[in-house]
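Asker: Take a look at model.tsv, TSV, C-alpha atoms:
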```
chain	number	residue	atom	x	y	z
A	1	MET	CA	44.17	108.98	114.23
A	2	SER	CA	42.43	112.03	115.67
A	3	ALA	CA	44.22	114.70	117.69
A	4	VAL	CA	42.25	113.51	120.73
A	5	ASN	CA	43.90	110.09	120.68
A	6	LYS	CA	47.46	111.29	120.29
A	7	PHE	CA	49.12	108.62	122.45
A	8	GLN	CA	49.57	105.01	121.41
A	9	ILE	CA	49.80	102.12	123.89
A	10	ILE	CA	51.48	98.89	122.82
A	11	ALA	CA	51.79	95.58	124.66
A	12	PHE	CA	54.10	92.73	123.70
A	13	TYR	CA	55.78	89.68	125.17
A	14	GLU	CA	57.73	86.65	124.09
A	15	PHE	CA	58.94	83.50	125.79
A	16	LYS	CA	62.46	82.79	124.55
A	17	ASN	CA	65.82	81.85	126.01
A	18	MET	CA	67.54	85.10	126.92
A	19	ASP	CA	71.19	85.74	127.72
A	20	PRO	CA	72.67	85.33	131.21
A	21	LEU	CA	71.95	87.89	133.91
A	22	GLY	CA	74.95	90.08	133.15
A	23	ASP	CA	73.82	90.54	129.57
A	24	LEU	CA	70.24	91.18	130.69
A	25	LEU	CA	71.46	94.09	132.78
A	26	VAL	CA	73.14	95.55	129.69
A	27	ILE	CA	69.91	95.14	127.71
A	28	LYS	CA	67.99	96.72	130.59
A	29	ASP	CA	70.14	99.87	130.45
A	30	LYS	CA	69.87	100.08	126.67
A	31	LEU	CA	66.08	99.86	126.70
A	32	ALA	CA	65.73	102.36	129.57
A	33	ASP	CA	67.95	104.85	127.74
A	34	LEU	CA	65.97	104.31	124.54
A	35	MET	CA	62.66	104.94	126.32
A	36	ALA	CA	64.01	108.16	127.80
A	37	ALA	CA	65.36	109.38	124.46
A	38	LEU	CA	62.02	108.73	122.74
A	39	ASP	CA	59.92	110.14	125.60
A	40	LEU	CA	58.16	106.83	126.26
A	41	ARG	CA	56.72	105.63	129.55
A	42	GLY	CA	55.73	102.19	130.80
A	43	THR	CA	57.20	98.91	132.01
A	44	ILE	CA	59.52	96.30	130.53
A	45	ILE	CA	60.27	93.06	132.39
A	46	LEU	CA	63.27	91.01	131.33
A	47	SER	CA	64.07	87.46	132.40
A	48	SER	CA	66.03	84.45	131.29
A	49	GLU	CA	62.65	83.12	130.02
A	50	GLY	CA	61.83	86.14	127.83
A	51	PHE	CA	60.35	89.64	128.05
A	52	ASN	CA	57.03	91.36	128.74
A	53	SER	CA	56.17	95.00	128.16
A	54	THR	CA	53.47	97.65	127.99
A	55	LEU	CA	54.57	101.09	126.79
A	56	GLY	CA	52.96	104.36	125.81
A	57	GLY	CA	54.06	107.38	123.80
A	58	SER	CA	53.82	108.91	120.37
A	59	PRO	CA	53.27	106.50	117.47
A	60	GLN	CA	56.51	107.72	115.90
A	61	GLY	CA	58.48	107.16	119.11
A	62	LEU	CA	57.06	103.69	119.60
A	63	SER	CA	57.80	102.73	116.00
A	64	GLU	CA	61.42	103.76	116.45
A	65	PHE	CA	61.58	101.96	119.80
A	66	VAL	CA	60.35	98.68	118.29
A	67	SER	CA	62.96	98.90	115.55
A	68	HIS	CA	65.82	99.29	118.05
A	69	ALA	CA	64.34	96.84	120.58
A	70	ASN	CA	64.16	94.15	117.90
A	71	GLU	CA	67.94	94.37	117.60
A	72	ALA	CA	68.55	94.44	121.36
A	73	LEU	CA	66.22	91.50	122.03
A	74	GLN	CA	67.13	89.60	118.85
A	75	THR	CA	63.50	89.19	117.84
A	76	SER	CA	60.68	90.61	115.74
A	77	ILE	CA	58.22	92.20	118.14
A	78	LYS	CA	54.52	91.59	117.52
A	79	PHE	CA	52.40	93.97	119.57
A	80	LYS	CA	48.78	94.77	120.39
A	81	SER	CA	47.90	98.43	120.07
A	82	SER	CA	45.35	100.95	121.34
A	83	PHE	CA	45.13	104.75	121.56
A	84	HIS	CA	44.26	107.24	124.27
A	85	ASP	CA	44.13	111.01	124.70
A	86	GLU	CA	46.44	110.87	127.74
A	87	LEU	CA	49.61	108.91	128.44
A	88	PRO	CA	48.48	106.22	130.93
A	89	PHE	CA	51.96	105.69	132.41
A	90	THR	CA	54.13	108.14	134.35
A	91	ARG	CA	57.45	106.33	134.79
A	92	ILE	CA	60.15	104.45	132.94
A	93	LYS	CA	60.51	101.01	134.51
A	94	VAL	CA	62.81	98.33	133.12
A	95	LYS	CA	63.29	95.40	135.48
A	96	VAL	CA	65.13	92.08	135.52
A	97	LYS	CA	63.08	89.38	137.29
A	98	PRO	CA	63.15	85.59	137.68
A	99	GLU	CA	59.93	85.29	135.62
A	100	ILE	CA	58.16	87.62	133.20
A	101	VAL	CA	54.85	86.49	134.69
A	102	THR	CA	55.04	84.99	138.17
A	103	LEU	CA	53.64	81.47	138.51
A	104	LYS	CA	56.35	80.10	140.83
A	105	GLN	CA	56.06	76.75	139.06
A	106	PRO	CA	58.49	75.29	136.50
A	107	VAL	CA	56.75	75.02	133.12
A	108	ASP	CA	57.82	73.71	129.73
A	109	ILE	CA	56.39	76.45	127.47
A	110	ALA	CA	56.77	74.21	124.43
A	111	LYS	CA	53.93	72.02	125.72
A	112	GLY	CA	51.56	74.87	124.90
A	113	ILE	CA	52.18	74.48	121.15
A	114	GLY	CA	48.91	73.66	119.40
A	115	THR	CA	46.67	75.06	122.16
A	116	HIS	CA	46.06	78.52	120.63
A	117	VAL	CA	42.71	79.42	119.08
A	118	ASP	CA	41.80	82.66	117.33
A	119	ALA	CA	38.85	84.92	118.10
A	120	ALA	CA	36.49	83.32	115.56
A	121	GLU	CA	37.14	79.82	116.89
A	122	TRP	CA	36.90	81.07	120.48
A	123	ASN	CA	33.23	82.00	120.14
A	124	ARG	CA	32.34	78.50	118.97
A	125	LEU	CA	34.52	76.88	121.61
A	126	ILE	CA	33.12	78.62	124.69
A	127	SER	CA	29.56	78.01	123.49
A	128	ASP	CA	30.16	74.25	123.88
A	129	PRO	CA	28.64	73.12	127.21
A	130	ASP	CA	31.31	70.44	127.55
A	131	VAL	CA	34.09	73.06	127.71
A	132	VAL	CA	35.22	74.54	131.04
A	133	VAL	CA	35.90	78.23	130.37
A	134	LEU	CA	38.63	79.34	132.78
A	135	ASP	CA	39.38	83.00	133.51
A	136	THR	CA	43.03	82.91	134.62
A	137	ARG	CA	42.97	86.51	135.86
A	138	ASN	CA	42.47	87.79	139.40
A	139	ASP	CA	39.08	88.28	141.04
A	140	TYR	CA	38.98	92.07	140.60
A	141	GLU	CA	39.72	91.65	136.89
A	142	PHE	CA	36.96	89.06	136.54
A	143	ARG	CA	34.46	91.37	138.23
A	144	SER	CA	35.21	94.15	135.72
A	145	GLY	CA	34.22	91.92	132.82
A	146	THR	CA	34.51	88.37	131.46
A	147	PHE	CA	33.10	85.85	129.01
A	148	PRO	CA	29.76	84.03	129.56
A	149	ASN	CA	29.91	81.03	131.91
A	150	ALA	CA	33.57	81.66	132.74
A	151	VAL	CA	34.89	80.17	135.99
A	152	ASN	CA	36.26	82.72	138.45
A	153	PRO	CA	39.07	81.12	140.51
A	154	GLY	CA	38.81	84.01	142.98
A	155	THR	CA	42.57	84.51	143.08
A	156	GLU	CA	44.44	87.60	144.23
A	157	GLN	CA	47.65	86.58	142.44
A	158	PHE	CA	48.40	84.45	139.39
A	159	ASN	CA	50.57	82.05	141.42
A	160	GLU	CA	47.47	80.99	143.41
A	161	LEU	CA	45.92	79.42	140.32
A	162	PRO	CA	47.61	75.98	140.58
A	163	GLU	CA	46.04	75.49	144.03
A	164	PHE	CA	42.60	76.35	142.63
A	165	ILE	CA	43.05	73.80	139.85
A	166	GLU	CA	44.16	71.11	142.29
A	167	GLN	CA	41.09	71.66	144.46
A	168	ASN	CA	38.44	72.23	141.79
A	169	LEU	CA	39.28	70.64	138.43
A	170	ASP	CA	39.96	66.99	137.62
A	171	PRO	CA	41.57	65.99	134.30
A	172	LYS	CA	39.50	62.78	134.34
A	173	ARG	CA	36.19	64.69	134.53
A	174	HIS	CA	36.98	68.04	132.95
A	175	LYS	CA	38.03	66.87	129.51
A	176	LYS	CA	38.20	70.26	127.77
A	177	VAL	CA	39.49	73.50	129.30
A	178	ALA	CA	39.56	76.81	127.42
A	179	MET	CA	41.39	79.64	129.17
A	180	PHE	CA	41.89	83.34	128.61
A	181	CYS	CA	43.63	86.35	130.15
A	182	THR	CA	44.18	90.03	129.32
A	183	GLY	CA	46.89	89.89	126.67
A	184	GLY	CA	47.72	86.21	126.46
A	185	ILE	CA	50.88	85.96	128.55
A	186	ARG	CA	49.42	84.22	131.61
A	187	CYS	CA	47.83	81.58	129.38
A	188	GLU	CA	51.15	81.02	127.59
A	189	LYS	CA	52.36	79.68	130.92
A	190	PHE	CA	49.20	78.12	132.26
A	191	ALA	CA	48.14	76.13	129.19
A	192	PRO	CA	51.34	74.03	129.28
A	193	TYR	CA	51.04	73.83	133.06
A	194	LEU	CA	47.61	72.20	132.70
A	195	LYS	CA	48.99	69.83	130.08
A	196	GLU	CA	51.67	68.80	132.55
A	197	GLN	CA	48.94	68.14	135.16
A	198	GLY	CA	47.24	65.65	132.86
A	199	PHE	CA	44.57	67.81	131.21
A	200	GLU	CA	44.56	66.41	127.71
A	201	THR	CA	42.56	68.99	125.73
A	202	VAL	CA	43.55	72.55	126.57
A	203	TYR	CA	42.89	75.74	124.60
A	204	GLN	CA	44.05	79.31	125.07
A	205	LEU	CA	42.68	82.49	123.48
A	206	ASP	CA	45.51	83.69	121.25
A	207	GLY	CA	46.43	87.28	122.11
A	208	GLY	CA	44.00	87.38	125.01
A	209	ILE	CA	41.01	89.61	125.55
A	210	LEU	CA	42.68	92.65	124.00
A	211	LYS	CA	43.31	90.87	120.70
A	212	TYR	CA	39.78	89.47	120.78
A	213	LEU	CA	38.30	92.96	121.20
A	214	GLU	CA	40.52	94.23	118.41
A	215	ASP	CA	39.49	91.49	115.96
A	216	VAL	CA	35.82	90.77	116.71
A	217	ALA	CA	33.00	93.03	115.52
A	218	ALA	CA	30.74	94.36	118.28
A	219	GLN	CA	27.71	92.44	117.01
A	220	GLU	CA	29.66	89.16	117.15
A	221	SER	CA	31.45	89.71	120.44
A	222	LEU	CA	30.62	87.52	123.43
A	223	TRP	CA	32.61	89.70	125.83
A	224	GLU	CA	30.60	91.12	128.74
A	225	GLY	CA	31.64	94.25	130.64
A	226	GLU	CA	35.02	96.00	130.47
A	227	CYS	CA	38.59	94.71	130.51
A	228	PHE	CA	40.84	95.65	133.42
A	229	VAL	CA	44.24	97.01	132.33
A	230	PHE	CA	47.22	97.75	134.54
A	231	ASP	CA	47.60	101.47	133.90
A	232	ASN	CA	45.85	104.77	134.59
A	233	ARG	CA	42.97	103.92	132.24
A	234	VAL	CA	41.87	101.21	134.75
A	235	THR	CA	39.61	99.49	132.19
A	236	VAL	CA	38.95	99.58	128.46
A	237	GLY	CA	35.65	98.97	126.74
A	238	SER	CA	34.92	96.76	123.76
A	239	ASP	CA	36.20	99.56	121.49
A	240	LEU	CA	39.56	99.52	123.38
A	241	ARG	CA	38.96	103.06	124.61
A	242	LYS	CA	39.11	104.06	128.29
A	243	GLY	CA	36.27	102.46	130.22
A	244	ASN	CA	34.02	103.79	132.96
A	245	LEU	CA	34.51	101.34	135.83
A	246	SER	CA	36.26	102.10	139.10
A	247	ASP	CA	39.49	100.36	140.11
A	248	LEU	CA	38.29	97.22	141.89
A	249	SER	CA	41.84	96.23	142.78
A	250	GLN	CA	42.10	99.31	144.98
A	251	ALA	CA	38.66	98.71	146.44
A	252	ASP	CA	39.84	95.25	147.52
A	253	ALA	CA	42.99	96.72	149.06
A	254	SER	CA	41.15	99.34	151.10
```
Any chance you could put this one into structure tokens?
Answerer:
Amino acid sequence: MSAVNKFQIIAFYEFKNMDPLGDLLVIKDKLADLMAALDLRGTIILSSEGFNSTLGGSPQGLSEFVSHANEALQTSIKFKSSFHDELPFTRIKVKVKPEIVTLKQPVDIAKGIGTHVDAAEWNRLISDPDVVVLDTRNDYEFRSGTFPNAVNPGTEQFNELPEFIEQNLDPKRHKKVAMFCTGGIRCEKFAPYLKEQGFETVYQLDGGILKYLEDVAAQESLWEGECFVFDNRVTVGSDLRKGNLSDLSQADAS
């Protein structure tokens, strides 16, 4: 790693049954104290359904954090990683919420087992004209970059997606649906949701766009544009370095 890219950014999540709220508050304090001690910045969301996090700091600090967080969360964290010359977060935020990604719909996550496809399979899958390619992200994310022929639901929030599906997709006509999102977490919830709505053949891009960009060589990539990320970088390019696009989410809000 060059001196220019001295900060590492890691993203990780897991759906798992967590302890009751009182214990989550204890875990929250432990993780916040650990972030402060290791000079890390970013966000961790805890819920009875699991955890979701994006953090930045020194590689050494993040390595130590993961080791301690594994014990606190009783897991083995698997993260996606990138590097940047500046720390893209300014605050320590550890929150307890009802959901780690807000759909406002009850979902049996286990129904998503068997729907994951890796980057190599993804290219073949979305090139099939019989497959509906669904971008589960918000409109401003879609407009920063997406995959060829992807459907833009035009949503402003993830919890609007069920209404779009109800009005625009029919499990009797749309036999195959392949979905993707930034890091995979929204699809972990929405793939089983579609299964519950009667869509028989559902796929999700394992690890999301960020994992795809990490794994796929530039000459083989089907990704078009840049990928919106929820930090001060705004977007990242196909090399996972800071992109050049403006923040379309703020443009929409103005």
Asker: Please return as a VMD selection string every residue within 6 Å of (32.7, 86.4, 129.7), taking into account only C-alpha atoms and the file's own coordinates.
Answerer: chain A and resid 146 to 148 150 223 to 224
Asker: Excluding region 92-99 of chain A and its own-chain neighbours fewer than 5 positions away, which residues fall within 7 Å of it when counting all atoms listed in the file? Please give them as a PyMOL selection string.
Answerer: chain A and resi 28+32+41-47+49
Asker: Can you tell me how far CA of Leu55 (chain A) sits from CA of Ile113 (chain A), in Å to one decimal?
Answerer: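 It comes out at 27.3 Å.
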Asker: Between A:Lys6, A:Glu141, A:Leu205, A:Leu169, which has the minimum distance to Val234 (chain A) (counting all atoms listed in the file)?
Answerer: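 Under the stated criterion, the closest residue is A:Glu141.
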Asker: For Arg173 (chain A), work out the shell of residues within 12 Å, counting all atoms listed in the file and skipping chain neighbours fewer than 5 positions away, then give it as a PyMOL selection string.
Answerer: chain A and resi 130-132+168+198-201
Asker: For CA of Gly225 (chain A) and CA of Lys176 (chain A), determine how far apart the two atoms are, in Å to one decimal place.
Answerer: 25.0 Å
Asker: May I have the residues within 10 Å of Pro106 (chain A) as a PDB file with C-alpha atoms, in the frame of the given file, using all atoms listed in the file and disregarding those fewer than 2 positions away in the same chain?
Answerer:
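Here's the written file part.pdb:
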```
ATOM      1  CA  LEU A 103      53.640  81.470 138.510  1.00  0.00           C
ATOM      2  CA  LYS A 104      56.350  80.100 140.830  1.00  0.00           C
ATOM      3  CA  ASP A 108      57.820  73.710 129.730  1.00  0.00           C
ATOM      4  CA  ILE A 109      56.390  76.450 127.470  1.00  0.00           C
ATOM      5  CA  LYS A 189      52.360  79.680 130.920  1.00  0.00           C
ATOM      6  CA  TYR A 193      51.040  73.830 133.060  1.00  0.00           C
TER       7      TYR A 193
END
```
Asker: Go through A:Ala72, A:Val229, A:Ile209, A:Ala11 and flag the residue nearest Val26 (chain A), using all atoms listed in the file for the distances.
Answerer: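 Ranked by minimum distance to Val26 (chain A), first place goes to A:Ala72.
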Asker: Can you work out the spacing between CA of Phe89 (chain A) and CA of Gln204 (chain A) in Å, to one decimal?
Answerer: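 Computing it gives 28.5 Å between the two atoms.
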Asker: Find the residues of region 145-171 of chain A that sit at most 12 Å from region 240-250 of chain A; for each, write down the nearest two atoms and how far apart they are in Å, to one decimal. Count only C-alpha atoms. Sort by chain, then by number going up, and give it as CSV.
Answerer:
```
residue,atom,partner,partner_atom,distance
A:Gly145,CA,A:Leu245,CA,9.9
A:Thr155,CA,A:Ser249,CA,11.7
A:Glu156,CA,A:Ser249,CA,9.1
A:Gln157,CA,A:Ser249,CA,11.3
```
Asker: Might you pull out every residue within 7 Å of region 213-216 of chain A, with only C-alpha atoms counted and same-chain residues fewer than 3 positions away left off, and present them as a list in words?
Answerer: Ala119, Ile209, Leu210, Glu220, Ser221, Ser238 and Asp239 of chain A
Asker: Between A:Gly154, A:Glu86, A:Pro162, A:Lys80, single out the one closest to Asp206 (chain A), counting only C-alpha atoms.
Answerer: A:Lys80
Asker: Show me as a compact mmCIF listing (two decimals) with C-alpha atoms, in the frame of the given file the residues that reach within 6 Å of (43.9, 88.4, 127.6), counting all atoms listed in the file and using the file's own coordinates.
Answerer:
```txt
# COMPACT_ATOMS: atom_id res chain seq x y z
CA PHE A 180 41.89 83.34 128.61
CA CYS A 181 43.63 86.35 130.15
CA THR A 182 44.18 90.03 129.32
CA GLY A 183 46.89 89.89 126.67
CA GLY A 184 47.72 86.21 126.46
CA GLY A 208 44.00 87.38 125.01
CA ILE A 209 41.01 89.61 125.55
CA LEU A 210 42.68 92.65 124.00
```
